[in-house]
>>> print(open('start_39.cif').read())   # mmCIF, C-alpha atoms
data_model
loop_
_atom_site.label_atom_id
_atom_site.label_comp_id
_atom_site.auth_asym_id
_atom_site.auth_seq_id
_atom_site.Cartn_x
_atom_site.Cartn_y
_atom_site.Cartn_z
CA MET A 12 20.40 28.90 -3.63
CA GLN A 13 20.67 25.41 -2.21
CA CYS A 14 20.04 22.25 -4.22
CA SER A 15 16.79 20.46 -3.25
CA THR A 16 18.61 17.12 -2.84
CA GLU A 17 21.80 16.02 -1.11
CA CYS A 18 22.78 13.74 -3.98
CA GLY A 19 21.69 13.05 -7.53
CA SER A 20 19.55 15.49 -9.53
CA GLY A 21 17.58 18.28 -7.89
CA THR A 22 16.49 21.88 -8.43
CA GLN A 23 17.60 25.28 -7.19
CA GLN A 24 15.05 28.05 -6.64
CA ARG A 25 15.56 31.80 -6.42
CA GLU A 26 13.32 34.83 -6.34
CA VAL A 27 13.52 37.14 -9.36
CA ILE A 28 12.47 40.75 -8.74
CA CYS A 29 12.46 43.96 -10.78
CA ILE A 30 14.77 46.69 -9.39
CA ARG A 31 16.10 50.08 -10.47
CA LYS A 32 19.48 51.42 -9.37
CA THR A 33 19.59 55.19 -8.83
CA GLU A 34 22.59 56.93 -7.26
CA GLY A 35 23.77 53.83 -5.40
CA ASN A 36 20.26 52.95 -4.14
CA PHE A 37 18.15 50.02 -5.28
CA ASP A 38 14.38 50.44 -5.61
CA VAL A 39 12.06 47.42 -5.99
CA LEU A 40 9.59 48.03 -8.82
CA ASN A 41 6.40 46.34 -10.02
CA PRO A 42 7.22 43.34 -12.26
CA HIS A 43 5.38 44.94 -15.23
CA GLU A 44 7.98 47.74 -15.25
CA CYS A 45 10.58 45.15 -16.32
CA SER A 46 8.29 43.40 -18.81
CA TYR A 47 10.33 44.66 -21.79
CA LEU A 48 13.43 42.85 -20.40
CA GLU A 49 14.18 39.14 -20.64
CA ARG A 50 13.30 37.61 -17.27
CA PRO A 51 16.09 35.44 -15.78
CA PRO A 52 15.01 31.89 -14.76
CA SER A 53 13.80 31.48 -11.17
CA GLN A 54 14.58 27.73 -11.19
CA GLN A 55 17.43 25.61 -12.53
CA SER A 56 18.51 22.00 -12.23
CA CYS A 57 21.48 21.01 -10.09
CA HIS A 58 23.41 17.74 -9.82
CA LEU A 59 25.48 16.99 -6.76
CA LYS A 60 27.51 13.86 -6.05
CA PRO A 61 25.92 10.59 -7.24
CA CYS A 62 23.68 8.91 -4.64
CA GLY A 63 24.79 5.42 -5.60
CA ALA A 64 22.49 2.43 -5.78
CA LYS A 65 19.61 2.11 -3.29
CA TRP A 66 16.98 -0.50 -2.42
CA PHE A 67 13.42 0.38 -3.51
CA HIS A 68 10.26 -1.59 -2.72
CA THR A 69 6.54 -1.58 -3.51
CA GLU A 70 3.77 -1.61 -0.89
CA TRP A 71 2.94 -4.98 0.71
CA SER A 72 0.31 -7.09 -1.06
CA THR A 73 -2.82 -8.11 0.81
CA CYS A 74 -2.41 -11.16 3.01
CA SER A 75 -2.95 -14.50 1.27
CA LYS A 76 -5.21 -15.74 4.12
CA SER A 77 -7.49 -13.95 6.58
CA CYS A 78 -6.45 -16.23 9.48
CA GLU A 79 -4.26 -19.22 10.46
CA GLY A 80 -1.14 -17.79 8.86
CA GLY A 81 -0.88 -16.40 5.39
CA PHE A 82 1.86 -14.32 3.86
CA ARG A 83 2.19 -11.05 2.00
CA VAL A 84 4.76 -10.08 -0.62
CA ARG A 85 6.28 -7.00 -2.23
CA GLU A 86 8.76 -6.32 -5.00
CA VAL A 87 12.26 -5.25 -3.93
CA ARG A 88 14.78 -3.88 -6.45
CA CYS A 89 18.25 -2.36 -6.34
CA LEU A 90 18.29 0.75 -8.56
CA SER A 91 21.02 3.25 -9.43
CA ASP A 92 20.60 7.05 -9.63
CA ASP A 93 19.08 6.88 -13.10
CA MET A 94 16.55 4.24 -11.90
CA THR A 95 18.17 1.40 -13.86
CA PRO A 96 18.72 -2.01 -12.19
CA SER A 97 22.00 -2.25 -10.28
CA THR A 98 24.01 -4.85 -8.37
CA GLN A 99 25.71 -2.25 -6.13
CA CYS A 100 23.27 -2.45 -3.15
CA ASP A 101 24.36 -4.09 0.10
CA PRO A 102 22.61 -7.51 0.30
CA GLN A 103 22.63 -7.23 4.13
CA LEU A 104 20.37 -4.16 3.86
CA LYS A 105 17.88 -5.70 1.41
CA PRO A 106 14.30 -5.29 2.71
CA GLU A 107 12.19 -8.45 3.14
CA GLU A 108 10.19 -9.57 0.10
CA LYS A 109 7.84 -11.90 1.99
CA GLU A 110 6.47 -11.89 5.56
CA PRO A 111 3.90 -13.83 7.56
CA CYS A 112 0.55 -12.21 8.36
CA ASN A 113 -2.82 -12.98 9.99
CA THR A 114 -1.29 -15.71 12.16
CA GLN A 115 -4.26 -15.75 14.57
CA ASP A 116 -6.62 -18.74 14.68
CA CYS A 117 -9.77 -18.71 12.57
CA ILE A 118 -12.80 -18.01 14.76
CA PRO A 119 -16.14 -18.80 13.15
CA GLU A 120 -18.45 -15.80 13.18
CA ILE A 121 -21.56 -16.41 15.23
CA ASP A 122 -24.69 -14.98 13.68
CA GLU A 123 -27.24 -14.08 16.37
CA ASN A 124 -30.09 -14.63 13.87
CA CYS A 125 -28.84 -18.12 12.99
CA LYS A 126 -30.89 -20.41 15.24
CA ASP A 127 -32.65 -23.73 14.79
CA LYS A 128 -36.37 -22.92 14.43
CA TYR A 129 -37.37 -26.51 13.64
CA TYR A 130 -37.64 -29.09 16.46
CA ASN A 131 -36.04 -31.95 14.49
CA CYS A 132 -32.99 -30.36 12.83
CA ASN A 133 -30.76 -33.39 13.49
CA VAL A 134 -32.98 -35.33 11.06
CA VAL A 135 -32.68 -32.51 8.49
CA VAL A 136 -28.86 -32.73 8.73
CA GLN A 137 -28.86 -36.56 8.52
CA ALA A 138 -31.17 -36.44 5.50
CA ARG A 139 -28.79 -33.93 3.87
CA LEU A 140 -31.60 -31.40 3.41
CA CYS A 141 -29.39 -28.39 4.28
CA VAL A 142 -28.80 -27.82 0.55
CA TYR A 143 -32.38 -26.47 0.33
CA THR A 144 -32.93 -22.82 1.28
CA TYR A 145 -36.00 -23.59 3.45
CA TYR A 146 -34.12 -26.09 5.65
CA LYS A 147 -30.92 -24.01 5.65
CA THR A 148 -32.97 -21.17 7.17
CA ALA A 149 -35.17 -23.30 9.48
CA CYS A 150 -32.15 -25.22 10.82
CA CYS A 151 -29.53 -22.48 10.42
CA ALA A 152 -27.35 -23.41 13.43
CA SER A 153 -27.26 -27.15 12.67
CA CYS A 154 -26.71 -26.67 8.93
CA THR A 155 -23.94 -24.07 9.55
CA ARG A 156 -22.25 -26.39 12.08
CA VAL A 157 -22.18 -29.32 9.64
CA ALA A 158 -21.03 -27.05 6.76
CA ASN A 159 -18.12 -25.75 8.90
CA ARG A 160 -17.15 -29.29 9.87
CA GLN A 161 -17.12 -30.42 6.23
CA SER A 162 -15.15 -27.41 4.98
CA GLY A 163 -12.71 -27.82 7.91
CA PHE A 164 -12.27 -31.50 7.04
CA LEU A 165 -11.72 -30.77 3.36
CA GLY A 166 -9.30 -27.94 4.13
CA ARG A 167 -6.88 -30.01 6.24
CA ARG A 168 -5.55 -32.67 3.89
#
>>> encode(input="start_39.cif", output="structure tokens")
Amino acid sequence: MQCSTECGSGTQQREVICIRKTEGNFDVLNPHECSYLERPPSQQSCHLKPCGAKWFHTEWSTCSKSCEGGFRVREVRCLSDDMTPSTQCDPQLKPEEKEPCNTQDCIPEIDENCKDKYYNCNVVVQARLCVYTYYKTACCASCTRVANRQSGFLGRR
């Protein structure tokens, strides 16, 4: 009957069977033949040496940006055996709470269906007509290009 953990609280399991002793022999019986007796427990708790404090952490969050370098975070805590906060953990072994992610450059997605279907799309862009659905569709490539340039300009202050 070994404890289920090496430290802290665990459980011990054992099999409980119904037997009869006759003339020095033991016979295993059906459990219902012992039903009138109090059945001993098949499981009990055990507590070995204390584990001491350990670092625990949550899963990483999603990345803050999809490209050009974001970061993700998680909660890291030092907890004792009874799951209360502790100061006994080794700071050298503390897991990271923040890490960089998605460091690759942003590559604009190219939509194969996004083409200029109107012969004079440069005029549409100059006249700022891309805000209208008709022109946004008719001059998709030109309107998308100018929208990306504006959002890129605004995003790099």
>>> atom_distance(input="start_39.cif", atom1="CA of His58 (chain A)", atom2="CA of Thr16 (chain A)")
8.5 Å
>>> resolve_selection(input="start_39.cif", expression="the PyMOL selection byres ((chain A and resi 29) around 7)", output="MDAnalysis selection string")
chainID A and resid 28 30 39:42 45
>>> closest_atom_pairs(input="start_39.cif", of="region 32-131 of chain A", to="region 148-154 of chain A", cutoff="6 Å", atoms="only C-alpha atoms", output="Markdown table")
| residue | atom | partner | partner_atom | distance |
| --- | --- | --- | --- | --- |
| A:Cys125 | CA | A:Cys151 | CA | 5.1 |
| A:Lys126 | CA | A:Ala152 | CA | 5.0 |
| A:Asp127 | CA | A:Cys150 | CA | 4.3 |
| A:Lys128 | CA | A:Ala149 | CA | 5.1 |
| A:Tyr129 | CA | A:Ala149 | CA | 5.7 |
>>> closest_residue(input="start_39.cif", among="A:Gly63, A:Gly81, A:Thr33, A:Ser75", to="Asp93 (chain A)", atoms="all atoms listed in the file")
A:Gly63
>>> residues_around(input="start_39.cif", residues="region 101-115 of chain A", least_positions_apart="5", cutoff="8 Å", atoms="all atoms listed in the file", output="list in words")
Trp66, His68, Cys74, Lys76, Ser77, Cys78, Glu79, Gly80, Gly81, Phe82, Arg83, Val84, Arg85, Glu86 and Val87 of chain A
>>> resolve_selection(input="start_39.cif", expression="the PyMOL selection byres ((chain A and resi 17) around 10)", output="number ranges by chain")
A: 13-16, 18-21, 58-62
>>> atom_distance(input="start_39.cif", atom1="CA of Thr144 (chain A)", atom2="CA of Tyr130 (chain A)")
17.1 Å
>>> atom_distance(input="start_39.cif", atom1="CA of Arg88 (chain A)", atom2="CA of Trp71 (chain A)")
13.9 Å
>>> resolve_selection(input="start_39.cif", expression="the PyMOL selection byres ((chain A and resi 96) around 12)", output="PyMOL selection string")
chain A and resi 63-67+87-95+97-100
>>> decode(input="start_39.cif", residues="region 15-119 of chain A", atoms="C-alpha atoms", output="PDB file, in the first residue's frame")
ATOM      1  CA  SER A  15       0.053   8.070  -4.389  1.00  0.00           C
ATOM      2  CA  THR A  16       2.439  11.022  -3.899  1.00  0.00           C
ATOM      3  CA  GLU A  17       6.071  11.354  -2.874  1.00  0.00           C
ATOM      4  CA  CYS A  18       5.362  14.366  -0.676  1.00  0.00           C
ATOM      5  CA  GLY A  19       2.353  16.183   0.718  1.00  0.00           C
ATOM      6  CA  SER A  20      -1.116  14.604   0.872  1.00  0.00           C
ATOM      7  CA  GLY A  21      -2.044  11.547  -1.163  1.00  0.00           C
ATOM      8  CA  THR A  22      -4.097   8.355  -0.976  1.00  0.00           C
ATOM      9  CA  GLN A  23      -3.386   4.688  -0.373  1.00  0.00           C
ATOM     10  CA  GLN A  24      -5.456   2.012  -2.122  1.00  0.00           C
ATOM     11  CA  ARG A  25      -5.949  -1.637  -1.233  1.00  0.00           C
ATOM     12  CA  GLU A  26      -8.200  -4.417  -2.402  1.00  0.00           C
ATOM     13  CA  VAL A  27     -10.764  -5.680   0.126  1.00  0.00           C
ATOM     14  CA  ILE A  28     -11.994  -9.239  -0.424  1.00  0.00           C
ATOM     15  CA  CYS A  29     -14.253 -11.650   1.467  1.00  0.00           C
ATOM     16  CA  ILE A  30     -12.455 -14.790   2.735  1.00  0.00           C
ATOM     17  CA  ARG A  31     -13.195 -17.738   5.023  1.00  0.00           C
ATOM     18  CA  LYS A  32     -10.513 -19.525   7.032  1.00  0.00           C
ATOM     19  CA  THR A  33     -11.062 -23.277   7.423  1.00  0.00           C
ATOM     20  CA  GLU A  34      -8.415 -25.562   8.914  1.00  0.00           C
ATOM     21  CA  GLY A  35      -5.518 -23.267   8.018  1.00  0.00           C
ATOM     22  CA  ASN A  36      -6.784 -22.649   4.457  1.00  0.00           C
ATOM     23  CA  PHE A  37      -8.219 -19.404   3.132  1.00  0.00           C
ATOM     24  CA  ASP A  38     -11.103 -19.505   0.644  1.00  0.00           C
ATOM     25  CA  VAL A  39     -12.129 -16.403  -1.347  1.00  0.00           C
ATOM     26  CA  LEU A  40     -15.905 -15.976  -1.216  1.00  0.00           C
ATOM     27  CA  ASN A  41     -18.444 -13.834  -3.073  1.00  0.00           C
ATOM     28  CA  PRO A  42     -18.643 -10.331  -1.532  1.00  0.00           C
ATOM     29  CA  HIS A  43     -22.354 -10.826  -0.673  1.00  0.00           C
ATOM     30  CA  GLU A  44     -21.359 -13.609   1.745  1.00  0.00           C
ATOM     31  CA  CYS A  45     -19.664 -10.949   3.906  1.00  0.00           C
ATOM     32  CA  SER A  46     -22.458  -8.394   3.537  1.00  0.00           C
ATOM     33  CA  TYR A  47     -23.473  -8.760   7.212  1.00  0.00           C
ATOM     34  CA  LEU A  48     -19.945  -7.643   8.271  1.00  0.00           C
ATOM     35  CA  GLU A  49     -18.635  -4.086   8.324  1.00  0.00           C
ATOM     36  CA  ARG A  50     -16.494  -3.643   5.207  1.00  0.00           C
ATOM     37  CA  PRO A  51     -13.016  -2.187   5.908  1.00  0.00           C
ATOM     38  CA  PRO A  52     -12.105   0.914   3.823  1.00  0.00           C
ATOM     39  CA  SER A  53     -10.332   0.245   0.512  1.00  0.00           C
ATOM     40  CA  GLN A  54      -8.835   3.767   0.442  1.00  0.00           C
ATOM     41  CA  GLN A  55      -7.280   6.053   3.044  1.00  0.00           C
ATOM     42  CA  SER A  56      -5.388   9.324   3.016  1.00  0.00           C
ATOM     43  CA  CYS A  57      -1.652   9.444   3.637  1.00  0.00           C
ATOM     44  CA  HIS A  58       0.693  12.363   4.302  1.00  0.00           C
ATOM     45  CA  LEU A  59       4.403  12.013   3.701  1.00  0.00           C
ATOM     46  CA  LYS A  60       7.087  14.662   4.181  1.00  0.00           C
ATOM     47  CA  PRO A  61       6.053  18.217   3.208  1.00  0.00           C
ATOM     48  CA  CYS A  62       6.782  19.113  -0.427  1.00  0.00           C
ATOM     49  CA  GLY A  63       7.781  22.660   0.402  1.00  0.00           C
ATOM     50  CA  ALA A  64       6.892  25.672  -1.701  1.00  0.00           C
ATOM     51  CA  LYS A  65       6.763  25.345  -5.508  1.00  0.00           C
ATOM     52  CA  TRP A  66       6.273  27.685  -8.473  1.00  0.00           C
ATOM     53  CA  PHE A  67       2.885  27.366 -10.224  1.00  0.00           C
ATOM     54  CA  HIS A  68       1.821  29.151 -13.414  1.00  0.00           C
ATOM     55  CA  THR A  69      -1.232  29.577 -15.637  1.00  0.00           C
ATOM     56  CA  GLU A  70      -1.285  28.929 -19.397  1.00  0.00           C
ATOM     57  CA  TRP A  71       0.143  31.662 -21.646  1.00  0.00           C
ATOM     58  CA  SER A  72      -2.293  34.358 -22.800  1.00  0.00           C
ATOM     59  CA  THR A  73      -2.842  34.892 -26.510  1.00  0.00           C
ATOM     60  CA  CYS A  74      -0.237  37.078 -28.176  1.00  0.00           C
ATOM     61  CA  SER A  75      -0.924  40.821 -28.024  1.00  0.00           C
ATOM     62  CA  LYS A  76      -0.160  41.215 -31.767  1.00  0.00           C
ATOM     63  CA  SER A  77      -0.474  38.872 -34.741  1.00  0.00           C
ATOM     64  CA  CYS A  78       2.830  40.073 -36.264  1.00  0.00           C
ATOM     65  CA  GLU A  79       5.778  42.492 -35.818  1.00  0.00           C
ATOM     66  CA  GLY A  80       6.392  41.475 -32.225  1.00  0.00           C
ATOM     67  CA  GLY A  81       3.810  41.231 -29.524  1.00  0.00           C
ATOM     68  CA  PHE A  82       4.055  39.595 -26.133  1.00  0.00           C
ATOM     69  CA  ARG A  83       2.133  37.059 -24.104  1.00  0.00           C
ATOM     70  CA  VAL A  84       1.802  36.828 -20.340  1.00  0.00           C
ATOM     71  CA  ARG A  85       0.911  34.333 -17.621  1.00  0.00           C
ATOM     72  CA  GLU A  86       0.481  34.421 -13.867  1.00  0.00           C
ATOM     73  CA  VAL A  87       3.300  32.893 -11.802  1.00  0.00           C
ATOM     74  CA  ARG A  88       2.900  32.260  -8.061  1.00  0.00           C
ATOM     75  CA  CYS A  89       4.911  30.608  -5.305  1.00  0.00           C
ATOM     76  CA  LEU A  90       2.596  28.351  -3.276  1.00  0.00           C
ATOM     77  CA  SER A  91       3.172  26.113  -0.258  1.00  0.00           C
ATOM     78  CA  ASP A  92       1.754  22.585   0.231  1.00  0.00           C
ATOM     79  CA  ASP A  93      -1.626  23.911   1.342  1.00  0.00           C
ATOM     80  CA  MET A  94      -1.809  26.174  -1.770  1.00  0.00           C
ATOM     81  CA  THR A  95      -1.322  29.399   0.210  1.00  0.00           C
ATOM     82  CA  PRO A  96       1.105  32.077  -1.078  1.00  0.00           C
ATOM     83  CA  SER A  97       4.692  31.542   0.054  1.00  0.00           C
ATOM     84  CA  THR A  98       8.057  33.308  -0.169  1.00  0.00           C
ATOM     85  CA  GLN A  99      10.059  30.056   0.072  1.00  0.00           C
ATOM     86  CA  CYS A 100      10.527  29.438  -3.700  1.00  0.00           C
ATOM     87  CA  ASP A 101      13.934  29.922  -5.311  1.00  0.00           C
ATOM     88  CA  PRO A 102      13.793  33.196  -7.330  1.00  0.00           C
ATOM     89  CA  GLN A 103      16.377  31.727  -9.764  1.00  0.00           C
ATOM     90  CA  LEU A 104      13.853  29.016 -10.718  1.00  0.00           C
ATOM     91  CA  LYS A 105      10.890  31.374 -11.218  1.00  0.00           C
ATOM     92  CA  PRO A 106       9.271  30.762 -14.634  1.00  0.00           C
ATOM     93  CA  GLU A 107       8.976  33.724 -17.026  1.00  0.00           C
ATOM     94  CA  GLU A 108       5.822  35.839 -16.716  1.00  0.00           C
ATOM     95  CA  LYS A 109       6.160  37.576 -20.085  1.00  0.00           C
ATOM     96  CA  GLU A 110       7.692  36.525 -23.423  1.00  0.00           C
ATOM     97  CA  PRO A 111       7.855  37.874 -26.966  1.00  0.00           C
ATOM     98  CA  CYS A 112       5.718  36.252 -29.674  1.00  0.00           C
ATOM     99  CA  ASN A 113       4.778  36.650 -33.349  1.00  0.00           C
ATOM    100  CA  THR A 114       8.025  38.482 -34.120  1.00  0.00           C
ATOM    101  CA  GLN A 115       7.692  37.916 -37.893  1.00  0.00           C
ATOM    102  CA  ASP A 116       6.968  40.838 -40.229  1.00  0.00           C
ATOM    103  CA  CYS A 117       3.380  41.622 -41.168  1.00  0.00           C
ATOM    104  CA  ILE A 118       2.663  40.433 -44.701  1.00  0.00           C
ATOM    105  CA  PRO A 119      -0.489  41.854 -46.260  1.00  0.00           C
TER     106      PRO A 119
END
